[in-house]
Amino acid sequence: MSKKKKTKEDYYLASQWTLMARKLKKHKLAKVSLIILAILYFGALFADFFAPYSISNTSSLYKDTFPSKIHVMHDGEFVGPFVYGLTKTINKKDLKAPIVIEEDTSQYYKIGLFVHGDEYKVLGLFTSDIHFFGLKEGSNGGTSARIYLFGGDVLGHDILSRIIVGGRISLTIPFASAFISFFLGITIGSLSGYFGGVFDMIVQRIIEVIGAIPQIPLWMALSAAIPDGISTVKIYLYITIILSFINWTGMARIVRGKFLSLKNEDYVMAARLAGVSTWKIIWKHLVPGFLSYLIVALTLGIPGSIVGETSMSYLGLGIKDPATSWGVLLQEASDVKVVAAYPFKLIPIIFVAITVLAYNFLGDGLRDAADPYK
């Protein structure tokens, strides 16, 4: 058998998922997006290792400081990448800027990989103090300097560390919420479309009522039900439930429409006459027929949940200090004066934009791969 003939035979005998995987490999943007998302989630999983400092580590000297300047030359000699420490002086002549923070060039601190720093738990299993990068001892000893690649916040935290650790919440809440919405939408939508009648009418009216309420007032109303003073874990759980409660309606309508068009097909009628149970007909005969489309809808729905979590935290309705997320970080940049004085505080929005675009491009790739006519 010739190689060309064997290739054609493999193509015609391949399953739907195999064909989707082959098409997805040819979509360059989708592949790049998948790599970006893998890096982001890997970084969030081992956030304490990749973050140079813990989110509780602060420095009064580094409050609202601009990103650290990386140098390679000291006194005309090449010493590799390093930073200088900072010194704080009082300027009595200028009352508008009484405190002046400048680099102290008398001592430099080399940047190294796998350095010792703040202790943390690796996946909650064992303790470590190794960080991916950080500062070694200074040229004259000591480690009083810091490396803040994205600058420092109003309390002296490292913004880069807060972005990496905040990715745990900003990436996982929307992901978990989208999956819960996915299964809620499939279950409720399939029952609504399959049985019809009064049940279908009630479900559609509920969907219309939820869809008619503007999102921000709905977030505010649901967030008001969260008690004050509860733990971060419980807030995480409540926000996941809130986003799931809001986002399942779109998926339910899609599934209902598909069921209305498929429930009277010959193979479904044959299954009924053979005595197959209702749940088996739904999950083994109807849902697999458009499951690839649902996965695409799930992928395209995650960016909406990411924006939702970020918006809630930004408005003060979600995660709050001392916990952190990308929305909490952007809350500091809500004042125009702060943005004008410290534009680097808008850096977290870049991570939100990259994640949303990556999911959208991946969804586009999956949609093209799932289309049998392409």
# chains A, B, ... in the order shown; residues from 1 in each chain; ligands from 1
call {"tool": "residues_around", "arguments": {"residues": "Phe114 (chain A)", "least_positions_apart": "5", "cutoff": "12 Å", "atoms": "only C-alpha atoms", "output": "PyMOL selection string"}}
result
chain A and resi 49-52+128-136
call {"tool": "select_by_dssp", "arguments": {"residues": "region 21-225 of chain A", "states": "strand (DSSP E)", "output": "MDAnalysis selection string"}}
result
chainID A and resid 71:74 77:90 99:122 126:138
call {"tool": "select_by_dssp", "arguments": {"residues": "region 13-216 of chain A", "states": "helix (DSSP H, G or I)", "output": "ChimeraX atom specification"}}
result
/A:13,16-25,28-45,47-50,60-62,159-195,197-212,215-216
call {"tool": "residues_around", "arguments": {"residues": "region 216-220 of chain A", "least_positions_apart": "6", "cutoff": "9 Å", "atoms": "only C-alpha atoms", "output": "list in words"}}
result
Ile210, Ile242, Leu243, Ile246, Ser311, Met312 and Leu317 of chain A
call {"tool": "write_last_selection", "arguments": {"atoms": "C-alpha atoms", "output": "PDB file, in the first residue's frame"}}
result
ATOM      1  CA  ILE A 210     -31.348  36.898  34.695  1.00  0.00           C
ATOM      2  CA  ILE A 242     -21.702  34.093  41.649  1.00  0.00           C
ATOM      3  CA  LEU A 243     -20.024  33.954  38.247  1.00  0.00           C
ATOM      4  CA  ILE A 246     -24.700  34.516  35.976  1.00  0.00           C
ATOM      5  CA  SER A 311     -14.193  43.687  37.353  1.00  0.00           C
ATOM      6  CA  MET A 312     -15.636  42.443  40.653  1.00  0.00           C
ATOM      7  CA  LEU A 317     -16.919  43.316  45.339  1.00  0.00           C
TER       8      LEU A 317
END
call {"tool": "atom_distance", "arguments": {"atom1": "CA of Leu366 (chain A)", "atom2": "CA of Ala30 (chain A)"}}
result
7.8 Å
call {"tool": "closest_residue", "arguments": {"among": "A:Tyr148, A:Phe195, A:Phe42, A:Phe126", "to": "Ser68 (chain A)", "atoms": "only C-alpha atoms"}}
result
A:Tyr148
call {"tool": "decode", "arguments": {"residues": "region 230-270 of chain A", "atoms": "N, CA and C atoms", "output": "mmCIF file, in the first residue's frame"}}
result
data_model
loop_
_atom_site.group_PDB
_atom_site.id
_atom_site.type_symbol
_atom_site.label_atom_id
_atom_site.label_comp_id
_atom_site.auth_asym_id
_atom_site.auth_seq_id
_atom_site.Cartn_x
_atom_site.Cartn_y
_atom_site.Cartn_z
ATOM 1 N N ILE A 230 -15.065 36.888 56.360
ATOM 2 C CA ILE A 230 -14.874 35.467 56.078
ATOM 3 C C ILE A 230 -13.500 35.250 55.448
ATOM 4 N N SER A 231 -13.060 34.001 55.404
ATOM 5 C CA SER A 231 -11.723 33.686 54.904
ATOM 6 C C SER A 231 -11.646 33.853 53.389
ATOM 7 N N THR A 232 -10.406 33.946 52.896
ATOM 8 C CA THR A 232 -10.175 34.092 51.463
ATOM 9 C C THR A 232 -10.702 32.889 50.689
ATOM 10 N N VAL A 233 -10.575 31.695 51.270
ATOM 11 C CA VAL A 233 -11.046 30.481 50.599
ATOM 12 C C VAL A 233 -12.551 30.541 50.373
ATOM 13 N N LYS A 234 -13.286 31.018 51.376
ATOM 14 C CA LYS A 234 -14.739 31.121 51.233
ATOM 15 C C LYS A 234 -15.119 32.199 50.231
ATOM 16 N N ILE A 235 -14.385 33.324 50.217
ATOM 17 C CA ILE A 235 -14.646 34.360 49.213
ATOM 18 C C ILE A 235 -14.427 33.793 47.810
ATOM 19 N N TYR A 236 -13.349 33.012 47.671
ATOM 20 C CA TYR A 236 -13.045 32.341 46.399
ATOM 21 C C TYR A 236 -14.236 31.488 45.962
ATOM 22 N N LEU A 237 -14.770 30.706 46.897
ATOM 23 C CA LEU A 237 -15.896 29.825 46.598
ATOM 24 C C LEU A 237 -17.132 30.629 46.221
ATOM 25 N N TYR A 238 -17.416 31.695 46.958
ATOM 26 C CA TYR A 238 -18.604 32.504 46.694
ATOM 27 C C TYR A 238 -18.526 33.202 45.333
ATOM 28 N N ILE A 239 -17.349 33.720 44.983
ATOM 29 C CA ILE A 239 -17.210 34.406 43.692
ATOM 30 C C ILE A 239 -17.391 33.411 42.549
ATOM 31 N N THR A 240 -16.867 32.194 42.725
ATOM 32 C CA THR A 240 -17.055 31.153 41.713
ATOM 33 C C THR A 240 -18.537 30.863 41.512
ATOM 34 N N ILE A 241 -19.272 30.771 42.622
ATOM 35 C CA ILE A 241 -20.716 30.503 42.540
ATOM 36 C C ILE A 241 -21.441 31.669 41.878
ATOM 37 N N ILE A 242 -21.058 32.912 42.228
ATOM 38 C CA ILE A 242 -21.702 34.093 41.649
ATOM 39 C C ILE A 242 -21.518 34.126 40.138
ATOM 40 N N LEU A 243 -20.293 33.927 39.687
ATOM 41 C CA LEU A 243 -20.024 33.954 38.247
ATOM 42 C C LEU A 243 -20.721 32.798 37.535
ATOM 43 N N SER A 244 -20.780 31.636 38.187
ATOM 44 C CA SER A 244 -21.468 30.485 37.590
ATOM 45 C C SER A 244 -22.965 30.747 37.471
ATOM 46 N N PHE A 245 -23.531 31.385 38.486
ATOM 47 C CA PHE A 245 -24.964 31.682 38.493
ATOM 48 C C PHE A 245 -25.349 32.631 37.353
ATOM 49 N N ILE A 246 -24.418 33.530 37.009
ATOM 50 C CA ILE A 246 -24.700 34.516 35.976
ATOM 51 C C ILE A 246 -24.476 33.952 34.572
ATOM 52 N N ASN A 247 -23.455 33.082 34.410
ATOM 53 C CA ASN A 247 -22.982 32.724 33.074
ATOM 54 C C ASN A 247 -23.587 31.456 32.475
ATOM 55 N N TRP A 248 -24.400 30.710 33.203
ATOM 56 C CA TRP A 248 -24.914 29.452 32.665
ATOM 57 C C TRP A 248 -26.031 29.648 31.648
ATOM 58 N N THR A 249 -26.641 30.816 31.645
ATOM 59 C CA THR A 249 -27.843 31.016 30.823
ATOM 60 C C THR A 249 -27.555 30.932 29.323
ATOM 61 N N GLY A 250 -26.423 31.503 28.879
ATOM 62 C CA GLY A 250 -26.097 31.467 27.455
ATOM 63 C C GLY A 250 -25.901 30.048 26.958
ATOM 64 N N MET A 251 -25.169 29.231 27.724
ATOM 65 C CA MET A 251 -24.946 27.840 27.347
ATOM 66 C C MET A 251 -26.255 27.062 27.332
ATOM 67 N N ALA A 252 -27.142 27.327 28.293
ATOM 68 C CA ALA A 252 -28.427 26.620 28.353
ATOM 69 C C ALA A 252 -29.267 26.888 27.103
ATOM 70 N N ARG A 253 -29.265 28.104 26.614
ATOM 71 C CA ARG A 253 -30.045 28.435 25.411
ATOM 72 C C ARG A 253 -29.461 27.763 24.172
ATOM 73 N N ILE A 254 -28.124 27.699 24.101
ATOM 74 C CA ILE A 254 -27.495 27.024 22.962
ATOM 75 C C ILE A 254 -27.880 25.542 22.946
ATOM 76 N N VAL A 255 -27.779 24.896 24.099
ATOM 77 C CA VAL A 255 -28.093 23.466 24.195
ATOM 78 C C VAL A 255 -29.570 23.222 23.909
ATOM 79 N N ARG A 256 -30.432 24.091 24.430
ATOM 80 C CA ARG A 256 -31.870 23.940 24.174
ATOM 81 C C ARG A 256 -32.171 23.982 22.680
ATOM 82 N N GLY A 257 -31.569 24.940 21.980
ATOM 83 C CA GLY A 257 -31.798 25.052 20.544
ATOM 84 C C GLY A 257 -31.349 23.812 19.791
ATOM 85 N N LYS A 258 -30.200 23.253 20.191
ATOM 86 C CA LYS A 258 -29.710 22.038 19.545
ATOM 87 C C LYS A 258 -30.650 20.853 19.808
ATOM 88 N N PHE A 259 -31.144 20.763 21.049
ATOM 89 C CA PHE A 259 -32.027 19.649 21.391
ATOM 90 C C PHE A 259 -33.348 19.743 20.638
ATOM 91 N N LEU A 260 -33.865 20.940 20.482
ATOM 92 C CA LEU A 260 -35.123 21.110 19.744
ATOM 93 C C LEU A 260 -34.993 20.636 18.302
ATOM 94 N N SER A 261 -33.800 20.814 17.718
ATOM 95 C CA SER A 261 -33.603 20.406 16.324
ATOM 96 C C SER A 261 -33.231 18.930 16.179
ATOM 97 N N LEU A 262 -32.751 18.301 17.265
ATOM 98 C CA LEU A 262 -32.280 16.917 17.163
ATOM 99 C C LEU A 262 -33.188 15.879 17.815
ATOM 100 N N LYS A 263 -34.062 16.299 18.736
ATOM 101 C CA LYS A 263 -34.801 15.306 19.527
ATOM 102 C C LYS A 263 -35.793 14.480 18.712
ATOM 103 N N ASN A 264 -36.173 14.953 17.536
ATOM 104 C CA ASN A 264 -37.106 14.193 16.692
ATOM 105 C C ASN A 264 -36.413 13.476 15.540
ATOM 106 N N GLU A 265 -35.073 13.412 15.587
ATOM 107 C CA GLU A 265 -34.337 12.676 14.550
ATOM 108 C C GLU A 265 -34.625 11.179 14.674
ATOM 109 N N ASP A 266 -34.401 10.452 13.574
ATOM 110 C CA ASP A 266 -34.742 9.023 13.523
ATOM 111 C C ASP A 266 -33.977 8.208 14.566
ATOM 112 N N TYR A 267 -32.684 8.518 14.761
ATOM 113 C CA TYR A 267 -31.897 7.703 15.694
ATOM 114 C C TYR A 267 -32.357 7.918 17.135
ATOM 115 N N VAL A 268 -32.890 9.109 17.443
ATOM 116 C CA VAL A 268 -33.419 9.366 18.781
ATOM 117 C C VAL A 268 -34.740 8.615 18.971
ATOM 118 N N MET A 269 -35.591 8.667 17.955
ATOM 119 C CA MET A 269 -36.865 7.933 18.024
ATOM 120 C C MET A 269 -36.613 6.435 18.165
ATOM 121 N N ALA A 270 -35.593 5.921 17.447
ATOM 122 C CA ALA A 270 -35.268 4.492 17.528
ATOM 123 C C ALA A 270 -34.808 4.127 18.943
#
